[in-house]
$ cat final-v7.txt   # compact mmCIF, C-alpha atoms
# COMPACT_ATOMS: atom_id res chain seq x y z
CA MET E 1 -12.28 6.90 9.77
CA ILE E 2 -12.50 3.29 8.59
CA ALA E 3 -15.85 2.52 7.06
CA PRO E 4 -18.06 0.27 9.19
CA GLY E 5 -18.99 -3.24 8.26
CA PRO E 6 -19.03 -6.82 9.48
CA GLU E 7 -15.82 -8.53 10.54
CA SER E 8 -15.81 -10.60 7.36
CA ASP E 9 -17.96 -11.00 4.27
CA VAL E 10 -19.19 -14.11 2.48
CA PRO E 11 -16.28 -15.19 0.23
CA ARG E 12 -16.75 -14.72 -3.48
CA ALA E 13 -14.25 -14.91 -6.30
CA LEU E 14 -12.34 -11.70 -6.92
CA HIS E 15 -12.73 -10.45 -10.49
CA LEU E 16 -13.33 -7.24 -12.42
CA PRO E 17 -15.91 -7.86 -15.16
CA GLY E 18 -14.59 -7.15 -18.63
CA VAL E 19 -11.05 -6.58 -17.34
CA LEU E 20 -9.75 -9.44 -15.17
CA THR E 21 -11.14 -12.88 -14.37
CA ALA E 22 -10.81 -14.65 -11.02
CA ASP E 23 -8.36 -17.13 -12.54
CA GLU E 24 -6.19 -14.33 -13.93
CA LEU E 25 -5.97 -12.62 -10.54
CA GLN E 26 -5.20 -15.86 -8.75
CA ARG E 27 -2.36 -16.49 -11.21
CA SER E 28 -0.98 -13.04 -10.46
CA ALA E 29 -1.14 -13.77 -6.73
CA HIS E 30 0.58 -17.12 -7.14
CA TYR E 31 3.71 -15.24 -8.25
CA LEU E 32 3.90 -13.82 -4.74
CA VAL E 33 3.74 -17.34 -3.30
CA ARG E 34 6.47 -18.54 -5.65
CA SER E 35 8.64 -15.58 -4.65
CA GLN E 36 8.19 -16.05 -0.90
CA GLU E 37 11.31 -17.09 0.98
CA PRO E 38 11.42 -19.96 3.52
CA ASP E 39 11.21 -17.57 6.49
CA GLY E 40 8.05 -15.93 5.09
CA ALA E 41 9.57 -12.77 3.58
CA ILE E 42 8.28 -11.70 0.15
CA PRO E 43 11.07 -9.93 -1.75
CA TRP E 44 10.68 -7.52 -4.65
CA PHE E 45 11.34 -10.44 -7.00
CA PRO E 46 12.78 -13.94 -6.51
CA GLY E 47 16.25 -13.53 -5.03
CA GLY E 48 15.84 -9.78 -4.56
CA HIS E 49 15.65 -7.68 -1.42
CA THR E 50 12.65 -7.27 0.89
CA ASP E 51 11.28 -4.12 2.46
CA LEU E 52 8.57 -4.16 5.10
CA TRP E 53 6.06 -1.84 3.39
CA ASP E 54 5.97 -3.73 0.10
CA HIS E 55 6.06 -7.06 1.93
CA VAL E 56 2.87 -6.10 3.83
CA GLU E 57 1.20 -5.03 0.59
CA CYS E 58 1.93 -8.49 -0.83
CA ALA E 59 0.57 -10.14 2.32
CA MET E 60 -2.63 -8.12 1.93
CA ALA E 61 -3.06 -9.27 -1.68
CA LEU E 62 -2.56 -12.90 -0.65
CA THR E 63 -5.13 -12.47 2.11
CA VAL E 64 -7.66 -11.39 -0.52
CA THR E 65 -7.05 -14.27 -2.92
CA GLY E 66 -6.63 -16.60 0.06
CA LEU E 67 -10.40 -16.62 0.54
CA GLU E 68 -10.49 -18.82 -2.56
CA VAL E 69 -7.02 -20.42 -2.51
CA PRO E 70 -5.90 -21.92 0.85
CA GLU E 71 -2.25 -21.88 -0.23
CA HIS E 72 -2.43 -18.11 -0.57
CA ALA E 73 -4.07 -17.73 2.84
CA GLU E 74 -1.29 -19.72 4.48
CA ALA E 75 1.36 -17.69 2.64
CA ALA E 76 -0.24 -14.49 3.96
CA ARG E 77 -0.13 -15.77 7.54
CA ARG E 78 3.52 -16.75 7.13
CA ALA E 79 4.24 -13.29 5.77
CA TYR E 80 2.73 -11.63 8.84
CA LEU E 81 4.57 -13.96 11.19
CA TRP E 82 7.77 -12.83 9.49
CA VAL E 83 6.76 -9.23 10.21
CA GLU E 84 6.44 -10.21 13.88
CA SER E 85 9.76 -12.04 14.04
CA SER E 86 11.86 -9.48 12.12
CA ARG E 87 10.90 -6.46 14.24
CA ARG E 88 13.78 -4.66 15.98
CA PRO E 89 13.69 -3.97 19.75
CA ASP E 90 12.81 -0.29 19.13
CA GLY E 91 9.71 -1.24 17.15
CA GLY E 92 11.09 -0.50 13.69
CA TRP E 93 12.32 -2.67 10.85
CA PRO E 94 15.50 -2.37 8.79
CA ALA E 95 14.65 -0.65 5.52
CA LYS E 96 16.07 -3.54 3.52
CA PHE E 97 16.56 -7.29 4.04
CA ARG E 98 18.48 -9.70 1.84
CA GLN E 99 17.91 -13.44 2.18
CA GLY E 100 16.62 -13.05 5.71
CA ALA E 101 19.31 -10.73 7.04
CA PRO E 102 19.10 -6.94 7.56
CA ALA E 103 21.02 -5.06 4.88
CA THR E 104 20.91 -1.69 6.66
CA ALA E 105 20.20 -0.28 10.10
CA LEU E 106 18.11 2.58 8.64
CA ARG E 107 14.47 2.28 9.75
CA GLU E 108 11.72 4.12 7.87
CA ALA E 109 8.61 5.55 9.54
CA ASN E 110 6.05 4.40 7.00
CA HIS E 111 7.47 0.86 7.07
CA ALA E 112 6.99 0.66 10.83
CA ALA E 113 3.45 2.02 10.66
CA TYR E 114 2.16 -0.12 7.80
CA PRO E 115 1.54 -3.40 9.69
CA ALA E 116 -1.44 -1.60 11.25
CA VAL E 117 -3.04 -1.42 7.80
CA GLY E 118 -2.18 -5.02 7.00
CA ILE E 119 -3.45 -6.57 10.22
CA LEU E 120 -6.73 -4.63 10.19
CA HIS E 121 -7.11 -5.70 6.56
CA HIS E 122 -6.48 -9.33 7.54
CA LEU E 123 -9.07 -9.16 10.32
CA LEU E 124 -11.72 -7.54 8.12
CA THR E 125 -11.07 -10.07 5.35
CA THR E 126 -10.84 -13.27 7.39
CA GLY E 127 -12.55 -12.51 10.70
CA ASP E 128 -9.57 -14.09 12.49
CA THR E 129 -9.55 -12.12 15.73
CA ALA E 130 -7.08 -14.47 17.42
CA PHE E 131 -4.46 -13.80 14.76
CA ALA E 132 -5.03 -10.06 15.05
CA ARG E 133 -4.55 -10.27 18.82
CA ARG E 134 -1.29 -12.13 18.32
CA LEU E 135 0.01 -9.41 15.99
CA TRP E 136 -1.32 -6.52 18.08
CA PRO E 137 1.99 -5.92 19.95
CA THR E 138 3.74 -5.69 16.57
CA VAL E 139 1.20 -3.15 15.31
CA GLU E 140 1.42 -1.12 18.52
CA SER E 141 5.20 -0.94 18.64
CA GLY E 142 5.39 -0.05 14.94
CA LEU E 143 3.04 2.88 15.30
CA GLU E 144 4.81 4.09 18.42
CA PHE E 145 8.12 3.92 16.53
CA ALA E 146 6.63 6.17 13.84
CA LEU E 147 5.18 8.59 16.38
CA ALA E 148 8.57 8.87 18.09
CA LEU E 149 9.73 10.51 14.84
CA ARG E 150 7.32 13.46 15.13
CA GLY E 151 8.72 16.87 14.34
CA ASP E 152 7.88 20.21 15.88
CA HIS E 153 4.58 20.60 14.02
CA GLY E 154 3.35 17.00 14.35
CA GLU E 155 4.76 15.87 11.02
CA ILE E 156 6.55 12.50 10.86
CA LEU E 157 10.23 12.62 9.97
CA TRP E 158 10.88 10.05 7.29
CA ALA E 159 13.32 7.68 9.06
CA ARG E 160 15.68 6.92 11.90
CA SER E 161 19.26 6.63 10.66
CA GLU E 162 21.81 3.94 11.33
CA ASP E 163 23.16 5.83 14.35
CA GLY E 164 19.69 6.30 15.82
CA SER E 165 19.23 9.97 14.93
CA PRO E 166 15.96 11.10 13.30
CA GLY E 167 15.81 12.22 9.70
CA ASP E 168 16.11 15.90 8.90
CA HIS E 169 12.98 16.21 6.74
CA SER E 170 9.44 15.00 6.33
CA LEU E 171 7.84 13.58 3.18
CA LEU E 172 4.24 14.08 2.12
CA THR E 173 3.72 10.52 0.92
CA VAL E 174 5.26 9.11 4.11
CA CYS E 175 2.98 11.24 6.29
CA ALA E 176 -0.08 10.34 4.21
CA SER E 177 0.78 6.66 4.63
CA VAL E 178 1.34 7.05 8.38
CA HIS E 179 -1.98 8.93 8.61
CA HIS E 180 -3.67 5.92 7.01
CA ALA E 181 -1.90 3.52 9.36
CA LEU E 182 -2.85 5.51 12.47
CA ARG E 183 -6.51 5.43 11.43
CA CYS E 184 -6.29 1.69 10.83
CA GLY E 185 -4.45 1.17 14.13
CA ALA E 186 -7.14 3.04 16.05
CA ALA E 187 -9.87 1.00 14.31
CA LEU E 188 -8.02 -2.24 15.07
CA ALA E 189 -7.61 -1.21 18.70
CA GLU E 190 -11.36 -0.66 18.99
CA ARG E 191 -12.11 -4.09 17.55
CA LEU E 192 -9.72 -5.70 20.02
CA GLY E 193 -11.11 -3.88 23.02
CA GLU E 194 -8.22 -1.44 23.29
CA THR E 195 -8.29 2.36 23.18
CA ARG E 196 -5.61 4.49 21.55
CA PRO E 197 -7.01 8.05 21.33
CA ALA E 198 -3.49 9.44 20.90
CA TRP E 199 -3.27 7.67 17.54
CA SER E 200 -6.46 9.31 16.31
CA ALA E 201 -5.24 12.69 17.57
CA ALA E 202 -1.91 12.27 15.76
CA ALA E 203 -3.77 11.35 12.57
CA ASP E 204 -5.99 14.41 12.95
CA ARG E 205 -2.89 16.59 13.18
CA LEU E 206 -1.31 14.98 10.13
CA ALA E 207 -4.51 15.58 8.16
CA VAL E 208 -4.36 19.29 9.00
CA LEU E 209 -0.74 19.51 7.88
CA ILE E 210 -1.38 17.58 4.67
CA ASN E 211 -4.36 19.74 3.75
CA ASP E 212 -3.16 23.16 4.87
CA HIS E 213 0.62 23.12 5.19
CA GLU E 214 2.02 21.15 2.29
CA ASP E 215 5.02 23.48 2.17
CA LEU E 216 6.18 21.83 5.41
CA PHE E 217 7.20 18.73 3.45
CA ALA E 218 10.26 18.27 1.27
CA ASP E 219 9.48 18.93 -2.39
CA ARG E 220 8.85 15.64 -4.15
CA SER E 221 6.13 17.03 -6.40
CA ARG E 222 7.59 15.35 -9.48
CA PHE E 223 6.47 12.01 -8.02
CA SER E 224 2.89 11.01 -8.70
CA MET E 225 2.64 9.45 -5.23
CA ASP E 226 2.85 12.91 -3.66
CA TRP E 227 -0.06 13.87 -5.89
CA PHE E 228 -2.51 11.07 -5.08
CA TYR E 229 -1.36 9.55 -1.79
CA PRO E 230 -2.99 12.21 0.41
CA VAL E 231 -6.28 11.01 -1.11
CA LEU E 232 -5.42 7.31 -0.96
CA GLY E 233 -4.40 7.64 2.70
CA GLY E 234 -7.68 9.34 3.62
CA ALA E 235 -6.29 12.71 4.68
CA VAL E 236 -7.85 14.58 1.73
CA HIS E 237 -11.41 13.80 0.69
CA GLY E 238 -14.56 15.24 -0.81
CA THR E 239 -14.27 18.33 -2.98
CA ALA E 240 -10.65 18.87 -1.95
CA ALA E 241 -9.72 15.39 -3.21
CA LYS E 242 -11.36 16.00 -6.57
CA GLU E 243 -9.66 19.37 -6.94
CA ARG E 244 -6.30 17.86 -6.01
CA LEU E 245 -6.51 15.12 -8.61
CA ASP E 246 -7.92 17.39 -11.31
CA GLU E 247 -5.07 19.86 -10.90
CA ARG E 248 -2.33 17.53 -12.16
CA TRP E 249 -4.33 14.81 -13.90
CA ASP E 250 -2.94 15.62 -17.35
CA THR E 251 0.59 15.72 -15.93
CA PHE E 252 0.53 12.16 -14.66
CA VAL E 253 -2.21 10.22 -16.47
CA LEU E 254 -1.62 8.99 -20.02
CA PRO E 255 -4.80 7.56 -21.56
CA GLY E 256 -4.28 4.03 -22.82
CA LEU E 257 -0.99 3.58 -20.94
CA GLY E 258 -1.41 4.34 -17.23
CA VAL E 259 0.11 6.68 -14.67
CA ARG E 260 3.60 8.13 -14.69
CA CYS E 261 5.84 7.42 -11.73
CA VAL E 262 7.47 10.84 -12.09
CA SER E 263 6.33 13.80 -14.15
CA ASP E 264 9.59 14.32 -16.03
CA GLN E 265 10.20 10.77 -17.31
CA PRO E 266 8.40 8.83 -20.07
CA TRP E 267 7.63 5.92 -17.74
CA VAL E 268 4.26 4.57 -16.59
CA THR E 269 4.02 1.99 -13.82
CA ALA E 270 1.33 -0.50 -12.92
CA ALA E 271 1.75 0.08 -9.17
CA GLU E 272 1.27 3.85 -9.27
CA SER E 273 -1.66 3.32 -11.64
CA SER E 274 -3.25 0.81 -9.27
CA GLU E 275 -2.72 3.08 -6.29
CA LEU E 276 -4.42 5.92 -8.14
CA VAL E 277 -7.28 3.47 -8.71
CA LEU E 278 -7.43 2.99 -4.91
CA ALA E 279 -7.64 6.76 -4.45
CA LEU E 280 -10.41 7.01 -7.06
CA ALA E 281 -12.29 4.13 -5.42
CA ALA E 282 -12.20 6.03 -2.12
CA MET E 283 -13.75 9.01 -3.94
CA GLY E 284 -16.44 6.90 -5.60
CA GLU E 285 -15.00 7.56 -9.07
CA HIS E 286 -15.63 4.00 -10.20
CA ASP E 287 -15.81 4.39 -13.99
CA THR E 288 -12.59 6.39 -14.18
CA ALA E 289 -10.83 3.89 -11.95
CA VAL E 290 -11.95 0.94 -14.09
CA ARG E 291 -10.71 2.73 -17.20
CA ILE E 292 -7.24 3.12 -15.70
CA MET E 293 -7.21 -0.51 -14.59
CA ARG E 294 -8.10 -1.53 -18.13
CA ASP E 295 -5.36 0.72 -19.56
CA ILE E 296 -2.56 -1.02 -17.63
CA GLN E 297 -3.34 -4.53 -18.82
CA HIS E 298 -0.64 -4.08 -21.47
CA LEU E 299 1.75 -4.61 -18.54
CA ARG E 300 0.35 -8.05 -17.75
CA ASP E 301 2.49 -10.97 -18.93
CA PRO E 302 0.00 -13.37 -20.53
CA ALA E 303 2.32 -16.31 -19.99
CA ASP E 304 1.94 -16.37 -16.21
CA GLY E 305 -0.23 -13.42 -15.22
CA VAL E 306 2.59 -11.43 -13.61
CA TYR E 307 2.74 -7.66 -14.09
CA TRP E 308 5.79 -5.88 -15.39
CA THR E 309 6.77 -2.96 -13.17
CA GLY E 310 6.55 -0.34 -15.89
CA TYR E 311 6.77 0.72 -19.51
CA GLN E 312 9.18 3.30 -20.93
CA PHE E 313 7.01 4.64 -23.71
CA ALA E 314 9.65 6.79 -25.44
CA GLU E 315 11.81 3.71 -26.04
CA GLN E 316 8.78 1.39 -26.16
CA VAL E 317 10.28 -1.10 -23.74
CA ARG E 318 9.15 -2.67 -20.47
CA TRP E 319 11.44 -1.54 -17.68
CA PRO E 320 12.91 -2.67 -15.36
CA VAL E 321 13.43 -6.26 -16.41
CA GLU E 322 12.50 -7.57 -12.95
CA ARG E 323 8.79 -8.00 -12.31
CA SER E 324 8.10 -6.62 -8.85
CA THR E 325 5.85 -8.64 -6.55
CA TRP E 326 4.29 -5.51 -5.10
CA THR E 327 3.11 -4.46 -8.55
CA SER E 328 0.92 -7.55 -8.91
CA ALA E 329 -0.18 -7.03 -5.28
CA ALA E 330 -1.28 -3.46 -5.99
CA VAL E 331 -3.40 -4.62 -8.93
CA ILE E 332 -5.16 -7.21 -6.74
CA LEU E 333 -5.88 -4.70 -3.97
CA ALA E 334 -7.20 -2.16 -6.46
CA VAL E 335 -9.60 -4.69 -7.96
CA ASP E 336 -10.82 -5.61 -4.48
CA ALA E 337 -11.49 -1.97 -3.63
CA LEU E 338 -13.39 -1.48 -6.89
CA THR E 339 -15.54 -4.57 -6.47
CA LEU E 340 -15.97 -4.62 -2.67
CA THR E 341 -15.28 -8.34 -2.83
CA THR E 342 -13.81 -8.63 0.67
CA GLY E 343 -14.34 -6.83 3.94
CA GLY E 344 -10.69 -5.81 3.77
CA SER E 345 -11.46 -3.41 0.93
CA ARG E 346 -12.78 -1.00 3.57
CA VAL E 347 -9.26 -0.08 4.69
CA PHE E 348 -8.88 1.84 1.42
CA LEU E 349 -12.40 3.27 1.23
CA HIS E 350 -12.25 5.25 4.47
CA ALA E 351 -15.62 6.96 5.03
CA SER E 352 -16.61 6.72 1.38
CA GLU E 353 -20.24 6.06 0.48
CA GLN E 354 -18.84 3.20 -1.59
CA ALA E 355 -18.05 1.25 1.59
CA PRO E 356 -20.42 -1.50 2.69
CA ALA E 357 -22.87 -0.56 5.43
CA VAL E 358 -23.35 -2.57 8.63

$ encode --input "final-v7.txt" --output "structure tokens"
Amino acid sequence: MIAPGPESDVPRALHLPGVLTADELQRSAHYLVRSQEPDGAIPWFPGGHTDLWDHVECAMALTVTGLEVPEHAEAARRAYLWVESSRRPDGGWPAKFRQGAPATALREANHAAYPAVGILHHLLTTGDTAFARRLWPTVESGLEFALALRGDHGEILWARSEDGSPGDHSLLTVCASVHHALRCGAALAERLGETRPAWSAAADRLAVLINDHEDLFADRSRFSMDWFYPVLGGAVHGTAAKERLDERWDTFVLPGLGVRCVSDQPWVTAAESSELVLALAAMGEHDTAVRIMRDIQHLRDPADGVYWTGYQFAEQVRWPVERSTWTSAAVILAVDALTLTTGGSRVFLHASEQAPAV
């Protein structure tokens, strides 16, 4: 369920009091604009490769800051038009692009589904129904591509290979992300006068599997995303969400540093930390979420406001040397969810009491 609210809210400057100013967040977002390629793609870093999921996350961040900075709003629109133009005939996207050209024929399920989250977010943030209608066929074909990868139990197999065959396993984080996208797609359909009950039914089934049959998914439990993404994606909520996060909190969360990417490496990342903040925001755990957001500010480059991807605390070095665009994007989206600055924040709050009422 996507929390109700008006199509757009009165614009106000995004900031997190005591942690990040509006100017600091706009500087972080401008890195995404500087990295954007002429065709609209936003790569991992200038000159790097692009993947659809992280590209959409960057477009969402630019949509948020675009309420204050017109250049960012236009960059977000260009990013979504690239999503439209780069789609394959089967509704999927190559898992990797380099300088505008596909670098593989592999197509991942969560990539194909994620435009549903981005376009609903754009509509809720800007109120631009015409743009959402234009992108609707892209959203629809992407979700249908993902659903064509359903396994015997209703799980989503992770990808379609280069030769067109489906993957041989399902991943918890992928299915949690697709669950989120199906909910957003159904909400977008309703706002556009469409009905897609099969999407809601598929999301319901995924929620059952995520909550009650986690052994169905390949074991990636060392990754923090498998820990918190079922909450972030809205499949696990209430008491079950709190119990899930409490169970491995000390495994992944390092006070003063942030959240580990994987449990067995001395490496915290700003993106995983920000995504945990999104999960906490959906639960209404505001103070804890703000504390984590404050903890990761050691990863912010004061020279230009860009976030380093991570910090290897055993060696006391920032790593990798490239500063990923989607890391800065995740910070921006987390701040928006914490502050309810835009209507788009509702895509991460689900049915939380933190969401704005009509």

$ atom_distance --input "final-v7.txt" --atom1 "CA of Ala132 in chain E" --atom2 "CA of Val174 in chain E"
24.4 Å

$ atom_distance --input "final-v7.txt" --atom1 "CA of Val56 in chain E" --atom2 "CA of Tyr114 in chain E"
7.2 Å

$ atom_distance --input "final-v7.txt" --atom1 "CA of Ile296 in chain E" --atom2 "CA of Val33 in chain E"
22.6 Å

$ closest_residue --input "final-v7.txt" --among "E:Leu52, E:Ile332, E:Val268, E:Leu349" --to "Ala282 in chain E" --atoms "only C-alpha atoms"
E:Leu349

$ closest_atom_pairs --input "final-v7.txt" --of "range 289-339 of chain E" --to "range 258-261 of chain E" --cutoff "9 Å" --atoms "all atoms listed in the file" --output "tab-separated table"
residue	atom	partner	partner_atom	distance
E:Ile292	CA	E:Gly258	CA	6.1
E:Met293	CA	E:Gly258	CA	8.0
E:Arg294	CA	E:Gly258	CA	8.9
E:Asp295	CA	E:Gly258	CA	5.8
E:Ile296	CA	E:Gly258	CA	5.5
E:Gly310	CA	E:Cys261	CA	8.8

$ residues_around --input "final-v7.txt" --residues "Glu37 in chain E" --least-positions-apart "6" --cutoff "9 Å" --atoms "only C-alpha atoms" --output "VMD selection string"
chain E and resid 43 46 to 47 99 to 100

$ closest_residue --input "final-v7.txt" --among "E:Thr327, E:Ser221, E:Ser28, E:Asn211" --to "Glu275 in chain E" --atoms "all atoms listed in the file"
E:Thr327

$ residues_around --input "final-v7.txt" --residues "Asp215 in chain E" --least-positions-apart "2" --cutoff "12 Å" --atoms "all atoms listed in the file" --output "ChimeraX atom specification"
/E:155,169-172,209-213,217-221

$ write_last_selection --input "final-v7.txt" --atoms "C-alpha atoms" --output "mmCIF file, in the frame of the given file"
data_model
loop_
_atom_site.group_PDB
_atom_site.id
_atom_site.type_symbol
_atom_site.label_atom_id
_atom_site.label_comp_id
_atom_site.auth_asym_id
_atom_site.auth_seq_id
_atom_site.Cartn_x
_atom_site.Cartn_y
_atom_site.Cartn_z
ATOM 1 C CA GLU E 155 4.760 15.870 11.020
ATOM 2 C CA HIS E 169 12.980 16.210 6.740
ATOM 3 C CA SER E 170 9.440 15.000 6.330
ATOM 4 C CA LEU E 171 7.840 13.580 3.180
ATOM 5 C CA LEU E 172 4.240 14.080 2.120
ATOM 6 C CA LEU E 209 -0.740 19.510 7.880
ATOM 7 C CA ILE E 210 -1.380 17.580 4.670
ATOM 8 C CA ASN E 211 -4.360 19.740 3.750
ATOM 9 C CA ASP E 212 -3.160 23.160 4.870
ATOM 10 C CA HIS E 213 0.620 23.120 5.190
ATOM 11 C CA PHE E 217 7.200 18.730 3.450
ATOM 12 C CA ALA E 218 10.260 18.270 1.270
ATOM 13 C CA ASP E 219 9.480 18.930 -2.390
ATOM 14 C CA ARG E 220 8.850 15.640 -4.150
ATOM 15 C CA SER E 221 6.130 17.030 -6.400
#

$ decode --input "final-v7.txt" --residues "range 114-142 of chain E" --atoms "C-alpha atoms" --output "PDB file, in the first residue's frame"
ATOM      1  CA  TYR E 114      12.080  -0.183 -10.747  1.00  0.00           C
ATOM      2  CA  PRO E 115      10.788   2.460 -13.207  1.00  0.00           C
ATOM      3  CA  ALA E 116       7.395   1.926 -11.548  1.00  0.00           C
ATOM      4  CA  VAL E 117       8.841   3.323  -8.311  1.00  0.00           C
ATOM      5  CA  GLY E 118      10.551   6.196 -10.096  1.00  0.00           C
ATOM      6  CA  ILE E 119       7.588   7.349 -12.165  1.00  0.00           C
ATOM      7  CA  LEU E 120       5.144   7.202  -9.246  1.00  0.00           C
ATOM      8  CA  HIS E 121       7.722   9.148  -7.231  1.00  0.00           C
ATOM      9  CA  HIS E 122       7.980  11.738 -10.024  1.00  0.00           C
ATOM     10  CA  LEU E 123       4.203  12.132 -10.184  1.00  0.00           C
ATOM     11  CA  LEU E 124       3.809  12.482  -6.417  1.00  0.00           C
ATOM     12  CA  THR E 125       6.657  14.996  -6.281  1.00  0.00           C
ATOM     13  CA  THR E 126       5.815  17.155  -9.298  1.00  0.00           C
ATOM     14  CA  GLY E 127       2.129  16.509 -10.021  1.00  0.00           C
ATOM     15  CA  ASP E 128       3.040  16.071 -13.704  1.00  0.00           C
ATOM     16  CA  THR E 129       0.365  13.605 -14.810  1.00  0.00           C
ATOM     17  CA  ALA E 130       1.130  14.083 -18.508  1.00  0.00           C
ATOM     18  CA  PHE E 131       4.710  12.930 -18.037  1.00  0.00           C
ATOM     19  CA  ALA E 132       3.540   9.916 -16.035  1.00  0.00           C
ATOM     20  CA  ARG E 133       1.129   8.992 -18.825  1.00  0.00           C
ATOM     21  CA  ARG E 134       3.937   9.199 -21.354  1.00  0.00           C
ATOM     22  CA  LEU E 135       6.091   6.822 -19.286  1.00  0.00           C
ATOM     23  CA  TRP E 136       3.222   4.473 -18.409  1.00  0.00           C
ATOM     24  CA  PRO E 137       3.952   1.992 -21.257  1.00  0.00           C
ATOM     25  CA  THR E 138       7.548   1.781 -20.024  1.00  0.00           C
ATOM     26  CA  VAL E 139       6.409   1.075 -16.467  1.00  0.00           C
ATOM     27  CA  GLU E 140       3.883  -1.510 -17.636  1.00  0.00           C
ATOM     28  CA  SER E 141       6.267  -3.441 -19.864  1.00  0.00           C
ATOM     29  CA  GLY E 142       8.970  -3.419 -17.182  1.00  0.00           C
TER      30      GLY E 142
END
